[in-house]
Amino acid sequence: MKALPFPCIRPAQDRVLEALPQMGGILSGNDALRGAIADGLMLKDPGAAYYVYECSGEPGRVTGVVAICPMSVLASGKGDTSADVAAAARAIAELKVQPRPVSLAYEASPVMDIILGAAKEGASLYAVTDPAGITHRVWEVKREDAVAAIRAMLDQAPEPALADDPAYAAALTGTAQLLADEARAAGTYTGKEPFNFIVAALFPAAQVAGAEPQVPTGLLTHQIARF
């Protein structure tokens with residue numbers, strides 16, 4: 001499985017409790033998002049990183065790694081042509097940011113559990129509890145040896161399966177198609193554009209059986225077009 005570190009757009013660490021309740025407005029359009037970045041409420045990370053994400057509450061604790069994957073991992077999301085999915089795809093294309101990671105399930109190795117456990121021994125980037133009583137924690141992984149270890153484990157893993165709302169996956173696929181069509185029409189398409197990748201929360205399949213854990217909207221986002 002190809003899963004890479006990425007530069008993230010996310011709330012400022014000291015303003016996350018202020019930002020999350022406002023995400024509906026912040027992500028209502030690209031102008032609003034740019035305003036939040038200018039205000040310092042949101043920030044663009046200058047470098048690429050993996051993010052370890054943990055949610056805990058009922059029925060238990062789930063730990064995953066957030067990375068960008070080729071759009072091909074969402075092949076099963078093709079084919080939904082409903083008006084709602086098409087509208088969601090257009091909105092994401094206009095926002096120019098994927099608003100939350102899509103949840104995927106993969107076969108994790110015991111070694112990966114050890115690596116992620118070590119990452120969680122450091123100070124967390126975020127620790128917030130939502131109105132439903134679910135606590136969300138995030139650790140940023142930028143150290144070269146830790147990044148290399150995570151990437152090596154993910155390289156060995158088989159392709160993941162969707163563990164999210166199929167309509168969201170279909171909207172992301174539609175967004176990529178819209179932006180690719182625009183680039184081809186402009187004669188600038190290369191195949192290496194950010195919209196050819198999706199940000200995904202990769203969870204061990206054994207931890208998400210019968211559940212669909214989701215990273216809160218706006219907490220870890222991925223820029224898919226220039227602005």
# chains A, B, ... in the order shown; residues from 1 in each chain; ligands from 1
>>> residues_around(residues="Leu219 in chain A", least_positions_apart="5", cutoff="10 Å", atoms="only C-alpha atoms", output="list of chain:residue names")
A:Cys8, A:Ile9, A:Arg10, A:Pro11, A:Ala12, A:Val16, A:Ala19, A:Leu20, A:Met23, A:Met42, A:Pro99, A:Arg100, A:Pro101, A:Tyr126, A:His136, A:Val138
>>> write_last_selection(atoms="N, CA, C and O atoms", output="tab-separated table (two decimals), in the first residue's frame")
chain	number	residue	atom	x	y	z
A	8	CYS	N	-0.19	19.33	6.04
A	8	CYS	CA	-1.59	19.37	6.48
A	8	CYS	C	-2.07	20.80	6.68
A	8	CYS	O	-1.29	21.68	7.08
A	9	ILE	N	-3.33	21.06	6.41
A	9	ILE	CA	-4.00	22.29	6.86
A	9	ILE	C	-4.86	21.89	8.05
A	9	ILE	O	-5.68	20.98	7.95
A	10	ARG	N	-4.65	22.55	9.18
A	10	ARG	CA	-5.28	22.12	10.42
A	10	ARG	C	-5.45	23.31	11.36
A	10	ARG	O	-4.87	24.38	11.14
A	11	PRO	N	-6.23	23.15	12.43
A	11	PRO	CA	-6.36	24.25	13.39
A	11	PRO	C	-5.03	24.54	14.09
A	11	PRO	O	-4.23	23.64	14.32
A	12	ALA	N	-4.82	25.80	14.43
A	12	ALA	CA	-3.67	26.15	15.28
A	12	ALA	C	-3.80	25.38	16.59
A	12	ALA	O	-4.90	25.28	17.15
A	16	VAL	N	-7.54	25.14	18.81
A	16	VAL	CA	-8.35	24.05	18.27
A	16	VAL	C	-9.75	24.05	18.88
A	16	VAL	O	-10.75	23.79	18.17
A	19	ALA	N	-11.62	26.60	17.04
A	19	ALA	CA	-11.81	26.33	15.61
A	19	ALA	C	-12.87	25.26	15.33
A	19	ALA	O	-13.70	25.42	14.42
A	20	LEU	N	-12.83	24.16	16.06
A	20	LEU	CA	-13.70	23.02	15.71
A	20	LEU	C	-15.19	23.37	15.67
A	20	LEU	O	-15.89	22.96	14.74
A	23	MET	N	-16.13	24.98	12.27
A	23	MET	CA	-15.71	24.36	11.02
A	23	MET	C	-16.75	24.46	9.91
A	23	MET	O	-16.40	24.54	8.73
A	42	MET	N	-6.51	28.74	11.52
A	42	MET	CA	-6.05	27.55	10.82
A	42	MET	C	-4.63	27.81	10.34
A	42	MET	O	-4.23	28.98	10.18
A	99	PRO	N	-12.04	17.94	3.28
A	99	PRO	CA	-12.37	18.43	4.62
A	99	PRO	C	-12.08	17.48	5.77
A	99	PRO	O	-11.91	17.92	6.90
A	100	ARG	N	-12.02	16.20	5.51
A	100	ARG	CA	-11.63	15.25	6.55
A	100	ARG	C	-11.07	14.00	5.88
A	100	ARG	O	-11.39	13.69	4.72
A	101	PRO	N	-10.24	13.23	6.61
A	101	PRO	CA	-9.74	11.99	6.03
A	101	PRO	C	-10.87	10.99	5.81
A	101	PRO	O	-11.81	10.91	6.61
A	126	TYR	N	-3.13	17.43	19.62
A	126	TYR	CA	-4.49	17.77	20.03
A	126	TYR	C	-5.00	16.71	20.99
A	126	TYR	O	-4.66	15.53	20.88
A	136	HIS	N	-10.68	12.69	21.00
A	136	HIS	CA	-9.84	12.59	19.80
A	136	HIS	C	-8.46	13.13	20.14
A	136	HIS	O	-8.31	14.26	20.61
A	138	VAL	N	-4.33	13.48	18.64
A	138	VAL	CA	-3.49	13.46	17.44
A	138	VAL	C	-2.05	13.71	17.84
A	138	VAL	O	-1.76	14.60	18.65
>>> residues_around(residues="Ala86 in chain A", least_positions_apart="4", cutoff="10 Å", atoms="only C-alpha atoms", output="list in words")
Asp80, Thr81, Ser82, Arg90, Ala91, Ala167, Ala170, Ala171, Leu172, Gly174, Thr175 and Leu178 of chain A
>>> residues_around(residues="Phe195 in chain A", least_positions_apart="5", cutoff="12 Å", atoms="only C-alpha atoms", output="VMD selection string")
chain A and resid 68 to 72 89 92 to 93 96 to 98 172 to 183 189 to 190 222 to 226
>>> select_by_dssp(residues="range 89-133 of chain A", states="strand (DSSP E)", output="list in words")
Val97, Gln98, Val102, Ser103, Leu104, Ala105, Tyr106, Tyr126, Ala127, Val128 and Thr129 of chain A
>>> closest_residue(among="A:Ala49, A:Leu41, A:Ile114, A:Ala205", to="Arg143 in chain A", atoms="only C-alpha atoms")
A:Ala49
>>> residues_around(residues="Pro110 in chain A", least_positions_apart="6", cutoff="12 Å", atoms="only C-alpha atoms", output="JSON, numbers by chain")
{"A": [116, 117, 153, 157, 204, 206]}
>>> atom_distance(atom1="CA of Gln207 in chain A", atom2="CA of Lys2 in chain A")
20.9 Å
>>> select_by_dssp(residues="range 24-210 of chain A", states="alpha helix (DSSP H)", output="ChimeraX atom specification")
/A:24-26,30-39,83-95,110-119,144-156,166-186,205-208
>>> closest_residue(among="A:Val66, A:Pro5, A:Gly25, A:Ala75", to="Glu54 in chain A", atoms="only C-alpha atoms")
A:Val66
>>> atom_distance(atom1="CA of Thr129 in chain A", atom2="CA of Gly60 in chain A")
14.3 Å
